[in-house]
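S.K.: Contents are mmCIF, C-alpha atoms (C1' of nucleotides); file name target.cif:
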data_work
loop_
_atom_site.label_atom_id
_atom_site.label_comp_id
_atom_site.auth_asym_id
_atom_site.auth_seq_id
_atom_site.Cartn_x
_atom_site.Cartn_y
_atom_site.Cartn_z
CA MET D 1300 12.88 137.40 -24.34
CA VAL D 1301 10.83 134.77 -22.63
CA TYR D 1302 10.94 132.61 -25.70
CA THR D 1303 14.66 133.07 -25.96
CA ARG D 1304 15.07 131.88 -22.39
CA HIS D 1305 12.98 128.88 -23.15
CA VAL D 1306 15.20 127.95 -26.06
CA LYS D 1307 18.27 128.43 -23.94
CA ALA D 1308 16.92 126.22 -21.26
CA GLN D 1309 16.21 123.49 -23.74
CA ARG D 1310 19.62 123.58 -25.32
CA SER D 1311 21.38 123.97 -22.04
CA ASN D 1312 19.46 121.09 -20.56
CA SER D 1313 20.50 118.77 -23.32
CA ARG D 1314 24.20 119.34 -22.78
CA ASN D 1315 23.61 119.72 -19.10
CA GLU D 1316 22.30 116.22 -18.85
CA ALA D 1317 25.07 114.83 -20.99
CA LEU D 1318 27.56 116.45 -18.65
CA LEU D 1319 25.81 115.20 -15.53
CA GLU D 1320 25.56 111.73 -16.99
CA ALA D 1321 29.22 111.59 -17.92
CA ALA D 1322 30.37 113.10 -14.65
CA ALA D 1323 28.14 110.80 -12.63
CA HIS D 1324 29.47 107.79 -14.46
CA ARG D 1325 33.07 108.76 -13.74
CA PHE D 1326 32.34 109.68 -10.15
CA ALA D 1327 30.60 106.36 -9.58
CA VAL D 1328 33.44 104.35 -11.10
CA GLN D 1329 36.58 106.22 -10.10
CA GLY D 1330 35.39 108.41 -7.27
CA PHE D 1331 35.24 112.18 -7.04
CA ARG D 1332 38.85 113.19 -6.56
CA ALA D 1333 40.19 110.67 -9.04
CA THR D 1334 37.99 112.16 -11.74
CA SER D 1335 39.36 115.29 -13.38
CA MET D 1336 37.45 117.93 -15.25
CA ARG D 1337 39.49 116.88 -18.26
CA ASP D 1338 38.14 113.34 -17.94
CA ILE D 1339 34.58 114.61 -17.94
CA ALA D 1340 35.22 117.00 -20.80
CA ARG D 1341 36.72 114.24 -22.91
CA ALA D 1342 33.73 112.01 -22.22
CA VAL D 1343 31.26 114.56 -23.61
CA GLY D 1344 33.55 115.82 -26.36
CA MET D 1345 34.35 119.32 -25.22
CA LEU D 1346 37.28 121.15 -23.71
CA PRO D 1347 37.71 121.35 -19.93
CA GLY D 1348 37.07 125.06 -19.73
CA SER D 1349 33.77 124.74 -21.55
CA ILE D 1350 32.23 122.86 -18.66
CA TYR D 1351 32.26 126.10 -16.71
CA TYR D 1352 29.67 127.53 -19.04
CA HIS D 1353 27.24 124.96 -17.65
CA PHE D 1354 28.41 124.54 -14.05
CA PRO D 1355 30.29 127.00 -11.88
CA SER D 1356 32.61 124.40 -10.35
CA LYS D 1357 33.40 120.73 -10.00
CA ASP D 1358 31.87 120.74 -6.55
CA ASP D 1359 28.60 122.08 -7.90
CA LEU D 1360 28.60 119.35 -10.52
CA LEU D 1361 28.60 116.77 -7.76
CA LEU D 1362 25.89 118.63 -5.88
CA ALA D 1363 23.62 118.50 -8.90
CA ILE D 1364 24.32 114.80 -9.32
CA TYR D 1365 23.56 114.17 -5.67
CA GLN D 1366 20.23 115.92 -6.01
CA ALA D 1367 19.29 113.98 -9.12
CA GLY D 1368 20.41 110.77 -7.46
CA VAL D 1369 18.34 111.29 -4.34
CA GLU D 1370 15.25 112.11 -6.38
CA GLN D 1371 15.72 108.99 -8.46
CA ILE D 1372 16.40 106.55 -5.65
CA THR D 1373 13.56 107.94 -3.57
CA ALA D 1374 11.18 107.48 -6.48
CA GLU D 1375 12.40 103.95 -7.11
CA PHE D 1376 12.22 103.10 -3.44
CA GLU D 1377 8.68 104.39 -2.98
CA ALA D 1378 7.52 102.73 -6.17
CA ALA D 1379 8.77 99.40 -4.86
CA VAL D 1380 7.52 99.71 -1.29
CA GLU D 1381 4.28 101.62 -1.30
CA PRO D 1382 2.16 99.13 -3.26
CA LEU D 1383 2.83 96.50 -0.62
CA ASP D 1384 0.86 96.10 2.60
CA ASP D 1385 2.86 93.69 4.72
CA PRO D 1386 5.81 95.44 6.41
CA TRP D 1387 8.06 92.43 5.78
CA ASP D 1388 7.20 92.43 2.13
CA GLN D 1389 8.08 96.09 2.18
CA LEU D 1390 11.45 95.34 3.74
CA GLU D 1391 12.14 92.75 1.07
CA ALA D 1392 11.22 95.12 -1.74
CA GLY D 1393 13.02 98.01 -0.10
CA MET D 1394 16.27 96.14 0.26
CA ALA D 1395 16.02 94.96 -3.31
CA ALA D 1396 15.53 98.57 -4.41
CA LEU D 1397 18.50 99.64 -2.33
CA VAL D 1398 20.84 97.04 -3.78
CA LEU D 1399 19.57 97.90 -7.25
CA ALA D 1400 20.30 101.57 -6.63
CA VAL D 1401 23.91 101.00 -5.62
CA THR D 1402 24.60 98.68 -8.54
CA GLU D 1403 22.42 99.77 -11.44
CA GLU D 1404 23.77 101.16 -14.65
CA SER D 1405 22.34 104.62 -14.19
CA ALA D 1406 25.11 106.30 -12.29
CA TYR D 1407 23.24 109.02 -10.42
CA THR D 1408 22.20 106.80 -7.53
CA ARG D 1409 25.54 105.06 -7.34
CA VAL D 1410 27.34 108.32 -6.77
CA ILE D 1411 25.45 108.89 -3.54
CA PHE D 1412 26.90 105.72 -2.06
CA LYS D 1413 30.33 106.07 -3.61
CA VAL D 1414 31.17 109.71 -2.90
CA MET D 1415 31.01 110.67 0.75
CA PRO D 1416 30.08 114.21 1.83
CA ASP D 1417 33.46 114.75 3.51
CA GLU D 1418 35.15 114.63 0.13
CA VAL D 1419 33.51 117.93 -0.80
CA PRO D 1420 33.79 120.24 2.21
CA LYS D 1421 32.19 123.12 0.33
CA HIS D 1422 28.87 121.27 0.11
CA ARG D 1423 29.23 118.84 2.97
CA LYS D 1424 26.11 119.94 4.81
CA LYS D 1425 23.94 119.92 1.73
CA LEU D 1426 25.20 116.50 0.69
CA VAL D 1427 24.47 115.12 4.14
CA ALA D 1428 21.00 116.62 3.95
CA PHE D 1429 20.40 114.87 0.64
CA ARG D 1430 21.53 111.56 2.07
CA ASP D 1431 19.29 112.00 5.10
CA LEU D 1432 16.42 112.69 2.79
CA PHE D 1433 16.75 109.19 1.39
CA GLU D 1434 17.69 107.42 4.58
CA ALA D 1435 14.48 108.69 6.12
CA ASN D 1436 12.70 106.25 3.83
CA ILE D 1437 14.54 103.34 5.35
CA ARG D 1438 13.95 104.72 8.80
CA ASP D 1439 10.22 104.79 8.16
CA LEU D 1440 10.34 101.30 6.75
CA VAL D 1441 12.05 99.91 9.84
CA GLU D 1442 9.65 101.86 12.01
CA ARG D 1443 6.72 99.95 10.55
CA LEU D 1444 8.24 96.52 11.24
CA PRO D 1445 6.78 94.58 14.16
CA LEU D 1446 10.01 93.80 15.97
CA GLN D 1447 11.09 91.97 19.07
CA PRO D 1448 11.43 94.38 21.97
CA TRP D 1449 15.18 93.77 22.26
CA VAL D 1450 15.82 94.91 18.70
CA ASP D 1451 17.36 98.37 18.32
CA LYS D 1452 15.71 99.99 15.34
CA HIS D 1453 18.58 102.39 14.90
CA LEU D 1454 21.14 99.62 14.66
CA LEU D 1455 18.89 97.53 12.44
CA ARG D 1456 18.54 100.40 10.01
CA LEU D 1457 22.29 100.90 9.88
CA MET D 1458 22.82 97.19 9.36
CA ILE D 1459 20.41 97.20 6.43
CA LEU D 1460 22.05 100.24 4.93
CA GLY D 1461 25.52 98.80 5.37
CA ALA D 1462 24.70 95.46 3.83
CA GLY D 1463 23.10 97.10 0.83
CA ASN D 1464 25.72 99.78 0.46
CA HIS D 1465 28.50 97.23 0.49
CA ALA D 1466 27.10 95.43 -2.53
CA GLN D 1467 28.52 98.12 -4.78
CA LEU D 1468 32.00 96.84 -3.99
CA TRP D 1469 31.53 93.28 -5.13
CA PHE D 1470 28.43 93.24 -7.31
CA SER D 1471 29.08 92.16 -10.86
CA ALA D 1472 26.53 92.64 -13.62
CA GLU D 1473 27.53 89.31 -15.13
CA GLY D 1474 27.74 87.67 -11.72
CA ASP D 1475 25.78 84.88 -10.14
CA TYR D 1476 23.25 87.11 -8.41
CA SER D 1477 20.87 89.81 -9.51
CA ALA D 1478 20.42 92.90 -7.41
CA ASP D 1479 16.94 91.71 -6.66
CA GLU D 1480 18.10 88.32 -5.43
CA ILE D 1481 20.68 89.91 -3.19
CA GLY D 1482 18.29 92.36 -1.59
CA ARG D 1483 15.66 89.72 -0.95
CA ALA D 1484 18.20 87.30 0.45
CA PHE D 1485 19.45 89.92 2.88
CA SER D 1486 15.95 90.63 4.11
CA ARG D 1487 15.32 86.91 4.65
CA TYR D 1488 18.50 86.63 6.69
CA LEU D 1489 17.05 89.21 9.07
CA LYS D 1490 13.35 88.60 9.22
CA ASP D 1491 12.88 85.57 11.44
CA SER D 1492 15.46 86.77 13.94
CA VAL D 1493 14.06 90.19 14.62
CA SER D 1494 10.38 89.59 13.82
CA LYS D 1495 7.88 89.56 16.64
CA MET M 910 78.68 95.39 8.89
CA VAL M 911 76.03 93.13 10.27
CA TYR M 912 75.97 95.10 13.47
CA THR M 913 75.71 98.32 11.56
CA ARG M 914 72.69 96.99 9.74
CA HIS M 915 71.15 96.03 13.01
CA VAL M 916 71.56 99.54 14.35
CA LYS M 917 70.15 100.98 11.20
CA ALA M 918 67.15 98.76 11.39
CA GLN M 919 66.50 99.84 14.96
CA ARG M 920 66.69 103.53 14.25
CA SER M 921 64.88 103.29 11.00
CA ASN M 922 62.11 101.30 12.62
CA SER M 923 61.51 104.01 15.15
CA ARG M 924 60.89 106.71 12.58
CA ASN M 925 59.40 104.17 10.24
CA GLU M 926 56.66 103.40 12.70
CA ALA M 927 56.04 107.07 13.39
CA LEU M 928 55.63 107.62 9.69
CA LEU M 929 53.36 104.64 9.24
CA GLU M 930 51.29 105.66 12.22
CA ALA M 931 50.86 109.23 11.02
CA ALA M 932 50.17 108.21 7.43
CA ALA M 933 47.71 105.54 8.52
CA HIS M 934 45.88 108.03 10.68
CA ARG M 935 45.52 110.47 7.83
CA PHE M 936 44.58 107.80 5.34
CA ALA M 937 41.92 106.46 7.68
CA VAL M 938 40.42 109.89 8.30
CA GLN M 939 40.78 111.72 4.99
CA GLY M 940 41.39 108.90 2.55
CA PHE M 941 44.41 108.18 0.42
CA ARG M 942 44.20 110.77 -2.33
CA ALA M 943 43.12 113.56 -0.02
CA THR M 944 46.23 113.02 2.09
CA SER M 945 49.37 114.65 0.76
CA MET M 946 52.94 113.75 1.54
CA ARG M 947 53.18 117.23 3.04
CA ASP M 948 50.37 116.38 5.45
CA ILE M 949 52.20 113.28 6.60
CA ALA M 950 55.52 115.07 6.84
CA ARG M 951 54.02 117.81 8.96
CA ALA M 952 52.45 115.24 11.27
CA VAL M 953 55.81 113.64 12.07
CA GLY M 954 57.78 116.87 12.02
CA MET M 955 59.93 116.47 8.94
CA LEU M 956 60.04 117.83 5.42
CA PRO M 957 58.15 116.08 2.60
CA GLY M 958 61.25 114.98 0.77
CA SER M 959 62.64 113.30 3.86
CA ILE M 960 59.92 110.68 3.79
CA TYR M 961 61.59 109.21 0.72
CA TYR M 962 64.53 108.18 2.79
CA HIS M 963 62.23 105.72 4.55
CA PHE M 964 59.76 104.80 1.81
CA PRO M 965 60.25 104.85 -1.95
CA SER M 966 56.80 106.27 -2.73
CA LYS M 967 53.42 107.20 -1.36
CA ASP M 968 51.96 104.03 -2.83
CA ASP M 969 54.48 101.91 -0.98
CA LEU M 970 53.58 103.68 2.23
CA LEU M 971 50.02 102.50 1.82
CA LEU M 972 51.17 99.00 0.98
CA ALA M 973 53.13 98.79 4.22
CA ILE M 974 50.12 100.07 6.15
CA TYR M 975 47.87 97.51 4.49
CA GLN M 976 50.23 94.73 5.49
CA ALA M 977 50.43 95.90 9.08
CA GLY M 978 46.68 96.32 9.17
CA VAL M 979 45.95 92.83 7.92
CA GLU M 980 48.34 91.30 10.41
CA GLN M 981 46.74 93.23 13.25
CA ILE M 982 43.14 92.56 12.38
CA THR M 983 43.82 88.90 11.74
CA ALA M 984 45.47 88.60 15.11
CA GLU M 985 42.61 90.39 16.84
CA PHE M 986 40.05 88.34 15.00
CA GLU M 987 41.65 85.01 15.83
CA ALA M 988 42.20 86.00 19.44
CA ALA M 989 38.49 86.73 19.74
CA VAL M 990 37.16 83.71 17.87
CA GLU M 991 39.47 80.77 18.51
CA PRO M 992 38.89 80.42 22.26
CA LEU M 993 35.19 79.85 21.64
CA ASP M 994 33.63 76.53 20.76
CA ASP M 995 30.11 77.30 19.66
CA PRO M 996 30.03 78.60 16.06
CA TRP M 997 27.39 81.17 16.95
CA ASP M 998 29.46 82.47 19.79
CA GLN M 999 32.26 82.71 17.29
CA LEU M 1000 30.08 84.73 14.94
CA GLU M 1001 29.18 87.09 17.74
CA ALA M 1002 32.79 87.58 18.76
CA GLY M 1003 33.95 87.80 15.17
CA MET M 1004 31.52 90.53 14.25
CA ALA M 1005 32.44 92.44 17.39
CA ALA M 1006 36.09 92.18 16.40
CA LEU M 1007 35.25 93.37 12.90
CA VAL M 1008 33.35 96.43 14.06
CA LEU M 1009 36.13 97.17 16.51
CA ALA M 1010 38.68 96.96 13.72
CA VAL M 1011 36.89 99.46 11.51
CA THR M 1012 36.35 101.93 14.34
CA GLU M 1013 39.23 101.58 16.77
CA GLU M 1014 41.76 104.28 17.40
CA SER M 1015 44.69 102.39 15.95
CA ALA M 1016 44.47 103.42 12.34
CA TYR M 1017 46.15 100.49 10.60
CA THR M 1018 43.05 98.33 10.46
CA ARG M 1019 40.77 101.22 9.56
CA VAL M 1020 42.79 101.99 6.45
CA ILE M 1021 42.00 98.58 5.01
CA PHE M 1022 38.31 99.36 5.02
CA LYS M 1023 38.64 103.00 4.06
CA VAL M 1024 41.10 102.86 1.17
CA MET M 1025 40.05 100.59 -1.68
CA PRO M 1026 42.62 98.79 -3.85
CA ASP M 1027 41.46 100.59 -6.99
CA GLU M 1028 42.75 103.85 -5.59
CA VAL M 1029 46.31 102.59 -5.93
CA PRO M 1030 46.59 100.89 -9.33
CA LYS M 1031 50.29 100.24 -8.82
CA HIS M 1032 49.60 97.85 -5.95
CA ARG M 1033 46.02 96.89 -6.68
CA LYS M 1034 46.65 93.15 -6.86
CA LYS M 1035 48.70 93.05 -3.71
CA LEU M 1036 46.14 95.09 -1.81
CA VAL M 1037 43.37 92.77 -2.94
CA ALA M 1038 45.45 89.82 -1.84
CA PHE M 1039 45.87 91.35 1.60
CA ARG M 1040 42.14 91.92 1.89
CA ASP M 1041 41.42 88.36 0.83
CA LEU M 1042 43.82 87.17 3.47
CA PHE M 1043 41.60 88.66 6.13
CA GLU M 1044 38.27 87.90 4.51
CA ALA M 1045 39.22 84.25 4.49
CA ASN M 1046 38.79 84.34 8.25
CA ILE M 1047 35.19 85.40 7.90
CA ARG M 1048 34.66 82.82 5.19
CA ASP M 1049 35.87 80.10 7.51
CA LEU M 1050 33.70 81.42 10.28
CA VAL M 1051 30.58 81.31 8.12
CA GLU M 1052 31.59 77.88 6.89
CA ARG M 1053 31.39 76.50 10.41
CA LEU M 1054 27.88 77.83 11.04
CA PRO M 1055 25.08 75.26 10.97
CA LEU M 1056 22.80 77.02 8.51
CA GLN M 1057 19.44 76.45 6.92
CA PRO M 1058 19.86 74.83 3.51
CA TRP M 1059 18.39 77.84 1.73
CA VAL M 1060 21.04 80.19 3.11
CA ASP M 1061 23.73 81.23 0.66
CA LYS M 1062 26.99 81.30 2.58
CA HIS M 1063 28.57 83.59 0.05
CA LEU M 1064 25.86 86.20 0.41
CA LEU M 1065 25.77 85.84 4.17
CA ARG M 1066 29.48 86.51 4.37
CA LEU M 1067 29.14 89.63 2.22
CA MET M 1068 26.24 90.82 4.33
CA ILE M 1069 28.28 90.42 7.49
CA LEU M 1070 31.20 92.23 5.96
CA GLY M 1071 29.03 95.03 4.66
CA ALA M 1072 27.25 95.62 7.93
CA GLY M 1073 30.52 95.73 9.83
CA ASN M 1074 32.34 97.77 7.24
CA HIS M 1075 29.60 100.36 7.18
CA ALA M 1076 30.01 101.10 10.86
CA GLN M 1077 33.08 103.16 10.13
CA LEU M 1078 30.86 105.79 8.51
CA TRP M 1079 28.62 106.49 11.45
CA PHE M 1080 30.40 105.12 14.51
CA SER M 1081 31.20 107.72 17.10
CA ALA M 1082 33.57 107.06 19.94
CA GLU M 1083 31.41 109.14 22.26
CA GLY M 1084 28.22 107.65 20.82
CA ASP M 1085 25.54 105.51 22.34
CA TYR M 1086 27.04 102.20 21.30
CA SER M 1087 30.35 100.48 21.77
CA ALA M 1088 31.91 98.58 18.93
CA ASP M 1089 31.29 95.43 20.91
CA GLU M 1090 27.59 96.15 21.34
CA ILE M 1091 27.18 96.85 17.66
CA GLY M 1092 28.90 93.70 16.51
CA ARG M 1093 26.97 91.49 18.91
CA ALA M 1094 23.69 93.14 17.99
CA PHE M 1095 24.33 92.49 14.32
CA SER M 1096 25.03 88.83 14.93
CA ARG M 1097 21.82 88.50 16.95
CA TYR M 1098 19.83 90.03 14.12
CA LEU M 1099 21.04 87.21 11.89
CA LYS M 1100 21.28 84.13 14.07
CA ASP M 1101 17.71 82.91 14.52
CA SER M 1102 16.85 83.53 10.87
CA VAL M 1103 19.62 81.55 9.29
CA SER M 1104 20.35 79.04 12.05
CA LYS M 1105 19.42 75.42 11.50
"C1'" DT S 1413 90.65 112.22 15.92
"C1'" DG S 1414 88.96 111.22 11.38
"C1'" DA S 1415 86.27 108.58 8.32
"C1'" DC S 1416 81.70 107.00 7.63
"C1'" DT S 1417 76.84 106.69 7.39
"C1'" DA S 1418 72.08 107.15 8.85
"C1'" DA S 1419 68.80 110.77 8.82
"C1'" DC S 1420 67.32 114.80 7.48
"C1'" DC S 1421 67.05 119.65 5.22
"C1'" DA S 1422 66.48 123.08 1.51
"C1'" DA S 1423 65.17 123.78 -2.78
"C1'" DA S 1424 63.73 122.72 -6.78
"C1'" DC S 1425 61.21 120.00 -10.65
"C1'" DA S 1426 57.70 118.17 -13.78
"C1'" DA S 1427 53.18 116.97 -14.08
"C1'" DA S 1428 48.37 117.37 -13.05
"C1'" DT S 1429 44.80 119.95 -11.17
"C1'" DG S 1430 40.60 123.34 -11.07
"C1'" DT S 1431 39.67 127.50 -13.10
"C1'" DT S 1432 39.75 132.02 -15.87
"C1'" DT S 1433 39.93 134.89 -19.84
"C1'" DG S 1434 39.16 136.54 -24.39
"C1'" DG S 1435 37.96 135.22 -28.73
"C1'" DT S 1436 35.11 132.39 -32.20
"C1'" DT S 1437 31.31 129.85 -34.17
"C1'" DT S 1438 26.54 128.85 -34.80
"C1'" DA S 1439 21.78 129.61 -34.90
"C1'" DC S 1440 17.92 132.18 -34.26
"C1'" DT S 1441 15.34 136.60 -34.36
"C1'" DA S 1442 13.82 141.16 -35.35
"C1'" DT Z 1182 20.45 140.92 -43.54
"C1'" DA Z 1183 22.27 142.69 -39.34
"C1'" DG Z 1184 22.47 141.75 -34.65
"C1'" DT Z 1185 22.35 139.05 -30.53
"C1'" DA Z 1186 23.30 135.56 -27.45
"C1'" DA Z 1187 24.10 130.70 -26.49
"C1'" DA Z 1188 27.76 127.38 -26.68
"C1'" DC Z 1189 32.12 126.38 -27.18
"C1'" DC Z 1190 37.33 126.86 -28.25
"C1'" DA Z 1191 42.20 127.99 -27.38
"C1'" DA Z 1192 45.29 129.13 -24.30
"C1'" DA Z 1193 46.80 130.28 -20.39
"C1'" DC Z 1194 47.05 130.75 -15.02
"C1'" DA Z 1195 47.97 129.68 -10.16
"C1'" DT Z 1196 48.21 126.02 -7.12
"C1'" DT Z 1197 49.01 121.54 -5.50
"C1'" DT Z 1198 50.85 117.29 -6.24
"C1'" DG Z 1199 54.54 113.39 -5.81
"C1'" DT Z 1200 59.21 113.24 -6.29
"C1'" DT Z 1201 64.38 114.24 -7.00
"C1'" DT Z 1202 68.76 116.21 -6.07
"C1'" DG Z 1203 72.64 117.90 -3.62
"C1'" DG Z 1204 74.05 119.38 0.61
"C1'" DT Z 1205 74.18 119.23 5.93
"C1'" DT Z 1206 74.13 117.39 10.68
"C1'" DA Z 1207 74.75 114.17 14.27
"C1'" DG Z 1208 76.14 110.08 16.01
"C1'" DT Z 1209 79.15 105.74 15.55
"C1'" DC Z 1210 83.31 103.05 14.91
"C1'" DA Z 1211 88.09 102.02 14.03
#
Show this structure as structure tokens.
M.R.:
Amino acid sequence: MVYTRHVKAQRSNSRNEALLEAAAHRFAVQGFRATSMRDIARAVGMLPGSIYYHFPSKDDLLLAIYQAGVEQITAEFEAAVEPLDDPWDQLEAGMAALVLAVTEESAYTRVIFKVMPDEVPKHRKKLVAFRDLFEANIRDLVERLPLQPWVDKHLLRLMILGAGNHAQLWFSAEGDYSADEIGRAFSRYLKDSVSK
Amino acid sequence: MVYTRHVKAQRSNSRNEALLEAAAHRFAVQGFRATSMRDIARAVGMLPGSIYYHFPSKDDLLLAIYQAGVEQITAEFEAAVEPLDDPWDQLEAGMAALVLAVTEESAYTRVIFKVMPDEVPKHRKKLVAFRDLFEANIRDLVERLPLQPWVDKHLLRLMILGAGNHAQLWFSAEGDYSADEIGRAFSRYLKDSVSK
DNA sequence: TGACTAACCAAACAAATGTTTGGTTTACTA
DNA sequence: TAGTAAACCAAACATTTGTTTGGTTAGTCA
């Protein structure tokens, strides 16, 4: 019984991940509504109805992707920031990690910035909560910066997020800039203005 | 004959604008795909099929909105920037105009930043062209800034656009900031860093 | 008045959508 | 080897979608 469950979990996880990967890729490229269950099924080589053996609905598919995406980007973000001591070095590394997350090949993180919570009313609150979970990292990062007194930390955080988020629209893997270059450039464009 | 056409144009324009206004509002709030022709029809008080007397398709509706939006935002942008002499004052006013455009009540301009060209393959090229038409204004604005030699004008322009664009996601009309405040704050956060 | 047309209605259509249902295969276990 | 359950197929279902078609109304013009 227990052993049987273990085997099931293993098998299920294998196809589960393939499904999540394929769905995430489509969601990141085409968006949520423009991606049909038939698209996803075709990508993993099964029939549309078969997806419902693994996930109860399309909405829940996105929810799972959101969760995986937040876990991944948070891990990447912390790995890039925590080793550094200087807050401005942290900003530089953090923005680089952000731009990387919205442009990298792995689609889980990209979905978070491509698909907005309003598109899935059923899970809107949960999706917002997931986003907040990540954005708290940026909030903390800004909080540690020694800023001029006239700088609004709230607005600065939203500016950082917006600049990074927007990169997904124009970033090209074969382009002139790497995600790292972009993130670090953005942080340089801010530092001397707002720094104390 | 000519007179008849004139009358037709007048009448048609009246309902035409009502349709565009309603469609733009829905597109700006819910997005393109999430808005059905039935939604739009209900908003203007007619049946879905009747829309096709005024516009040949849903895609063409968006195209017309895009055009109107670009004309409006370009006009607003130039009206805000041209009277000013100092390039940095122009940046401040330009970013304020940008944030206003993505958040203001009139929905035409908001649609441009909400609905991406890829969502309407039929008119993708034309939509991109319309966007470029506006973005050229920001390009010119950045071009006039006296910048440090290490500043990449291309990246700076995209950062400005991203920060402004992103405001549509969190701006609240009853919130703590006006569109003007936000835009001017953003420009301040950049100026001293990149200025020569 | 009578013809004409702009503007709309009423109803349907074909296609695509998310999802359900019942059956079938495959592999492991007792 | 018989049985069990995971994993999937095959086919349909109900709904929503953009759109079309033929008819109707109201106002204009000669």
S.K.: Using all atoms listed in the file, find the one residue out of S:DT1429, S:DC1416, S:DT1436, S:DT1441 that sits nearest to Z:DT1198.
M.R.: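 With all atoms listed in the file as the atom set, the closest residue is S:DT1429.
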S.K.: Can you check which residues of chain M have any atom within 9 Å of chain Z? Use only C-alpha atoms (C1' of nucleotides) and format it as a PDB file with C-alpha atoms, keeping the file's coordinate frame.
M.R.:
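Now in part07.pdb:
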ATOM      1  CA  SER M 945      49.370 114.650   0.760  1.00  0.00           C
ATOM      2  CA  MET M 946      52.940 113.750   1.540  1.00  0.00           C
ATOM      3  CA  GLY M 958      61.250 114.980   0.770  1.00  0.00           C
ATOM      4  CA  TYR M 961      61.590 109.210   0.720  1.00  0.00           C
ATOM      5  CA  SER M 966      56.800 106.270  -2.730  1.00  0.00           C
ATOM      6  CA  LYS M 967      53.420 107.200  -1.360  1.00  0.00           C
TER       7      LYS M 967
END
S.K.: Distance atom CA of D:Thr1373-atom CA of D:Asn1436, one decimal place?
M.R.: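 Interatomic distance here is 7.6 Å.
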S.K.: Please evaluate the PyMOL selection byres ((chain D and resi 1476-1487) around 6) against the structure above and give the resulting residues as a list in words.
M.R.: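 Selected by the PyMOL selection byres ((chain D and resi 1476-1487) around 6) in this file: Glu1391, Met1394, Ala1395, Val1398, Leu1399, Gly1474, Asp1475, Tyr1488, Leu1489 and Lys1490 of chain D.
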S.K.: Residues within 9 Å of D:Val1369, please, as a count of residues only. Count only C-alpha atoms (C1' of nucleotides); anything in the same chain fewer than 3 positions from it doesn't count.
M.R.: 13
S.K.: For chain M, which residues have at least one atom within 8 Å of chain S, if we go by only C-alpha atoms (C1' of nucleotides)? Write them as a list in words, please.
M.R.: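 Therefore, the residues near the partner are Lys917, Met955, Leu956, Ser959 and Tyr962 of chain M.
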S.K.: One decimal, Å: what's the distance from atom CA of D:Leu1397 over to atom CA of D:Ile1437, could you say?
M.R.: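 We find that atom CA of D:Leu1397 and atom CA of D:Ile1437 lie 9.4 Å from each other.
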S.K.: Can you list what the PyMOL selection byres ((chain M) within 10 of (chain D)) grabs from this structure, as a ChimeraX atom specification?
M.R.: /M:938-940,942-943,1025,1027-1028,1059-1061,1064-1065,1067-1079,1086,1090-1092,1094-1104
S.K.: What does the distance between atom CA of D:Glu1381 and atom CA of D:Gly1393 come to in Å, to one decimal place?
M.R.: 9.5 Å
S.K.: As lines of an AutoDock Vina configuration file, what would the box around stretch 1426-1433 of chain S look like: edges along x, y and z, 8 Å added on every side, centre and edge lengths in Å to one decimal?
M.R.:
center_x = 48.7
center_y = 125.9
center_z = -15.5
size_x = 34.0
size_y = 33.9
size_z = 24.8
S.K.: Which residues, written as number ranges by chain, have at least one atom at most 9 Å from D:Val1419, with all atoms listed in the file counted and residues fewer than 6 positions away on the same chain left out?
M.R.: D: 1331, 1358, 1361, 1426
